[in-house]
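S.K.: My file is protein-v6.pdb. It has PDB, C-alpha atoms, pLDDT in the B column:
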ATOM      1  CA  MET H   1      65.537 186.183  72.292  1.00 59.00           C
ATOM      2  CA  THR H   2      69.031 184.843  72.920  1.00 67.00           C
ATOM      3  CA  SER H   3      69.733 183.907  69.313  1.00 90.00           C
ATOM      4  CA  PHE H   4      67.599 183.165  66.285  1.00 96.00           C
ATOM      5  CA  GLU H   5      64.285 181.329  66.327  1.00 97.00           C
ATOM      6  CA  ARG H   6      62.985 178.784  63.820  1.00 97.00           C
ATOM      7  CA  ILE H   7      59.547 179.546  62.359  1.00 98.00           C
ATOM      8  CA  SER H   8      57.165 177.936  59.865  1.00 97.00           C
ATOM      9  CA  THR H   9      56.233 179.419  56.509  1.00 96.00           C
ATOM     10  CA  THR H  10      52.824 180.303  57.965  1.00 95.00           C
ATOM     11  CA  GLN H  11      54.457 182.190  60.833  1.00 96.00           C
ATOM     12  CA  ALA H  12      56.763 183.928  58.354  1.00 96.00           C
ATOM     13  CA  LEU H  13      53.807 185.049  56.231  1.00 95.00           C
ATOM     14  CA  GLN H  14      52.039 186.381  59.303  1.00 95.00           C
ATOM     15  CA  MET H  15      55.161 188.297  60.371  1.00 95.00           C
ATOM     16  CA  LEU H  16      55.570 189.757  56.895  1.00 94.00           C
ATOM     17  CA  ASN H  17      51.947 190.903  56.936  1.00 92.00           C
ATOM     18  CA  ASP H  18      51.748 192.101  60.556  1.00 90.00           C
ATOM     19  CA  ALA H  19      55.214 192.996  61.817  1.00 77.00           C
ATOM     20  CA  ASP H  20      56.857 194.767  58.882  1.00 86.00           C
ATOM     21  CA  ALA H  21      59.558 192.100  58.901  1.00 95.00           C
ATOM     22  CA  GLN H  22      62.614 192.177  56.667  1.00 97.00           C
ATOM     23  CA  LEU H  23      63.197 189.140  54.471  1.00 97.00           C
ATOM     24  CA  VAL H  24      66.491 187.839  53.070  1.00 98.00           C
ATOM     25  CA  ASP H  25      67.097 185.050  50.570  1.00 98.00           C
ATOM     26  CA  ILE H  26      70.543 183.420  50.876  1.00 98.00           C
ATOM     27  CA  ARG H  27      70.210 181.064  47.904  1.00 98.00           C
ATOM     28  CA  ASP H  28      72.466 181.504  44.879  1.00 96.00           C
ATOM     29  CA  LEU H  29      71.709 184.397  42.523  1.00 95.00           C
ATOM     30  CA  GLY H  30      70.459 182.129  39.728  1.00 96.00           C
ATOM     31  CA  SER H  31      67.846 180.541  41.979  1.00 96.00           C
ATOM     32  CA  TYR H  32      66.829 183.919  43.376  1.00 96.00           C
ATOM     33  CA  SER H  33      66.469 185.315  39.841  1.00 95.00           C
ATOM     34  CA  GLN H  34      64.251 182.410  38.775  1.00 95.00           C
ATOM     35  CA  ALA H  35      61.863 182.796  41.709  1.00 95.00           C
ATOM     36  CA  HIS H  36      61.822 184.235  45.212  1.00 96.00           C
ATOM     37  CA  ILE H  37      59.438 185.431  47.886  1.00 95.00           C
ATOM     38  CA  ALA H  38      58.107 188.884  47.012  1.00 92.00           C
ATOM     39  CA  GLY H  39      60.044 191.591  48.828  1.00 93.00           C
ATOM     40  CA  ALA H  40      63.038 189.366  49.609  1.00 96.00           C
ATOM     41  CA  TYR H  41      66.502 190.899  49.489  1.00 96.00           C
ATOM     42  CA  HIS H  42      69.134 188.659  47.905  1.00 97.00           C
ATOM     43  CA  LEU H  43      71.947 188.298  50.424  1.00 97.00           C
ATOM     44  CA  ASP H  44      75.350 186.891  49.485  1.00 95.00           C
ATOM     45  CA  ASN H  45      78.990 187.584  50.296  1.00 93.00           C
ATOM     46  CA  HIS H  46      78.964 190.598  47.962  1.00 95.00           C
ATOM     47  CA  SER H  47      75.889 192.271  49.446  1.00 96.00           C
ATOM     48  CA  LEU H  48      76.291 191.254  53.096  1.00 96.00           C
ATOM     49  CA  GLN H  49      78.191 194.277  54.409  1.00 95.00           C
ATOM     50  CA  GLU H  50      75.904 196.743  52.647  1.00 96.00           C
ATOM     51  CA  PHE H  51      72.849 194.956  54.036  1.00 97.00           C
ATOM     52  CA  ILE H  52      74.228 195.009  57.589  1.00 96.00           C
ATOM     53  CA  GLU H  53      74.949 198.734  57.300  1.00 95.00           C
ATOM     54  CA  GLN H  54      71.586 199.688  55.777  1.00 95.00           C
ATOM     55  CA  ALA H  55      69.053 197.295  57.325  1.00 96.00           C
ATOM     56  CA  ASP H  56      67.156 198.140  60.502  1.00 96.00           C
ATOM     57  CA  PRO H  57      68.504 195.912  63.301  1.00 96.00           C
ATOM     58  CA  ASP H  58      65.376 196.544  65.392  1.00 95.00           C
ATOM     59  CA  ARG H  59      62.922 195.157  62.811  1.00 95.00           C
ATOM     60  CA  PRO H  60      62.295 191.400  62.690  1.00 96.00           C
ATOM     61  CA  LEU H  61      64.516 189.642  60.135  1.00 98.00           C
ATOM     62  CA  ILE H  62      63.485 186.398  58.417  1.00 98.00           C
ATOM     63  CA  VAL H  63      66.196 184.378  56.651  1.00 98.00           C
ATOM     64  CA  TYR H  64      65.480 181.609  54.166  1.00 98.00           C
ATOM     65  CA  CYS H  65      67.476 179.270  51.937  1.00 98.00           C
ATOM     66  CA  TYR H  66      66.491 176.208  49.875  1.00 97.00           C
ATOM     67  CA  HIS H  67      65.269 173.863  52.626  1.00 97.00           C
ATOM     68  CA  GLY H  68      65.801 175.697  55.921  1.00 95.00           C
ATOM     69  CA  ASN H  69      69.216 174.339  56.869  1.00 95.00           C
ATOM     70  CA  SER H  70      71.760 176.955  55.733  1.00 96.00           C
ATOM     71  CA  SER H  71      69.458 179.730  56.888  1.00 97.00           C
ATOM     72  CA  GLN H  72      70.004 178.650  60.495  1.00 96.00           C
ATOM     73  CA  SER H  73      73.723 179.456  60.462  1.00 95.00           C
ATOM     74  CA  ALA H  74      73.046 182.673  58.517  1.00 96.00           C
ATOM     75  CA  ALA H  75      70.422 183.673  61.098  1.00 97.00           C
ATOM     76  CA  ALA H  76      72.875 183.014  63.950  1.00 96.00           C
ATOM     77  CA  PHE H  77      75.504 185.118  62.153  1.00 96.00           C
ATOM     78  CA  LEU H  78      73.110 188.029  61.626  1.00 97.00           C
ATOM     79  CA  TYR H  79      72.053 187.865  65.269  1.00 97.00           C
ATOM     80  CA  GLU H  80      75.729 188.182  66.233  1.00 96.00           C
ATOM     81  CA  LYS H  81      75.956 191.222  63.932  1.00 96.00           C
ATOM     82  CA  GLY H  82      73.344 193.075  65.996  1.00 96.00           C
ATOM     83  CA  PHE H  83      69.968 192.079  64.595  1.00 96.00           C
ATOM     84  CA  GLU H  84      67.759 191.578  67.642  1.00 93.00           C
ATOM     85  CA  LYS H  85      64.884 189.480  66.272  1.00 96.00           C
ATOM     86  CA  VAL H  86      66.167 186.940  63.749  1.00 98.00           C
ATOM     87  CA  TYR H  87      64.204 183.988  62.378  1.00 98.00           C
ATOM     88  CA  SER H  88      65.123 181.042  60.181  1.00 98.00           C
ATOM     89  CA  MET H  89      62.244 179.768  58.056  1.00 98.00           C
ATOM     90  CA  ASP H  90      61.830 176.001  58.352  1.00 97.00           C
ATOM     91  CA  GLY H  91      61.499 174.236  55.018  1.00 97.00           C
ATOM     92  CA  GLY H  92      62.990 177.219  53.196  1.00 97.00           C
ATOM     93  CA  PHE H  93      61.903 178.364  49.770  1.00 97.00           C
ATOM     94  CA  GLU H  94      60.752 174.886  48.746  1.00 96.00           C
ATOM     95  CA  ALA H  95      58.204 174.765  51.585  1.00 96.00           C
ATOM     96  CA  TRP H  96      57.111 178.341  50.897  1.00 96.00           C
ATOM     97  CA  ARG H  97      56.405 177.822  47.194  1.00 93.00           C
ATOM     98  CA  GLN H  98      54.243 174.798  47.944  1.00 93.00           C
ATOM     99  CA  GLN H  99      51.977 176.968  50.107  1.00 91.00           C
ATOM    100  CA  HIS H 100      52.319 180.586  48.963  1.00 85.00           C
ATOM    101  CA  PRO H 101      52.906 182.640  45.794  1.00 74.00           C
ATOM    102  CA  VAL H 102      56.416 183.498  44.627  1.00 79.00           C
ATOM    103  CA  ALA H 103      57.855 186.314  42.508  1.00 73.00           C
ATOM    104  CA  SER H 104      60.230 186.108  39.579  1.00 70.00           C
ATOM    105  CA  ASP H 105      62.366 188.680  37.796  1.00 59.00           C
TER     106      ASP H 105
END
Output the file's structure as structure tokens, nothing else.
M.R.:
Amino acid sequence: MTSFERISTTQALQMLNDADAQLVDIRDLGSYSQAHIAGAYHLDNHSLQEFIEQADPDRPLIVYCYHGNSSQSAAAFLYEKGFEKVYSMDGGFEAWRQQHPVASD
């Protein structure tokens, strides 16, 4: 992998079930608090450095946003920070919640 890869929500679900993938939500905190994919870590400017220091760069990392656009630049950034297998989820949270269950706080 030379950078990040775009994947569907179905591929993301399979990776979460089979590959012990890490999952980050880059939406705003209010949206994350209302609903998010179970197991997702909320990533923003305040938590970014801590995440980079504590996350496993060898495990697959799936990034999602609202619709799958902002997650692409975030995925490229995280790849540059040393994460080897980075994926941006096409359609983002909106596509996910149409097909799969979501969690809320």
S.K.: Pick from H:Ala76, H:Leu61, H:Ile37, H:Leu29: nearest to Gln98 of chain H, with only C-alpha atoms counted?
M.R.: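 Smallest separation from Gln98 of chain H among the options: H:Ile37.
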S.K.: Tell me which of H:Phe77, H:Phe83, H:Phe51, H:Tyr66 sits closest to Trp96 of chain H, counting all atoms listed in the file.
M.R.: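 Among the listed residues, the smallest separation from Trp96 of chain H belongs to H:Tyr66.
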S.K.: Could you name the residues that touch segment 39-41 of chain H at 7 Å or less, counting only C-alpha atoms, but leaving out those on the same chain fewer than 6 positions away, as a ChimeraX atom specification?
M.R.: /H:23-25
S.K.: Name the closest residue to Tyr79 of chain H among the candidates H:His67, H:Arg97, H:Arg59, H:Arg27; distances are taken between atoms, counting only C-alpha atoms.
M.R.: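 Of the candidates, the smallest distance to Tyr79 of chain H is held by H:Arg59.
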S.K.: Using all atoms listed in the file, which of the listed residues (H:Asn45, H:Val102, H:Lys85, H:Asp18) sits closest to Val63 of chain H?
M.R.: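 When distances to Val63 of chain H are compared using all atoms listed in the file, the smallest one comes from H:Lys85.
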S.K.: Go through H:Phe93, H:Tyr87, H:Phe4, H:Tyr32 and flag the residue nearest Asp44 of chain H, using only C-alpha atoms for the distances.
M.R.: H:Tyr32
S.K.: Which polymer residues have any atom within 12 Å of an atom of Gln11 of chain H, counting only C-alpha atoms, with same-chain residues fewer than 2 positions away left out, as number ranges by chain?
M.R.: H: 5-9, 13-19, 21, 62, 87-90, 96
S.K.: Determine the nearest neighbour of Leu78 of chain H from the options H:Ala35, H:Ser47, H:His42, H:Pro57, counting only C-alpha atoms.
M.R.: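 Of all the options, H:Pro57 lies closest to Leu78 of chain H.
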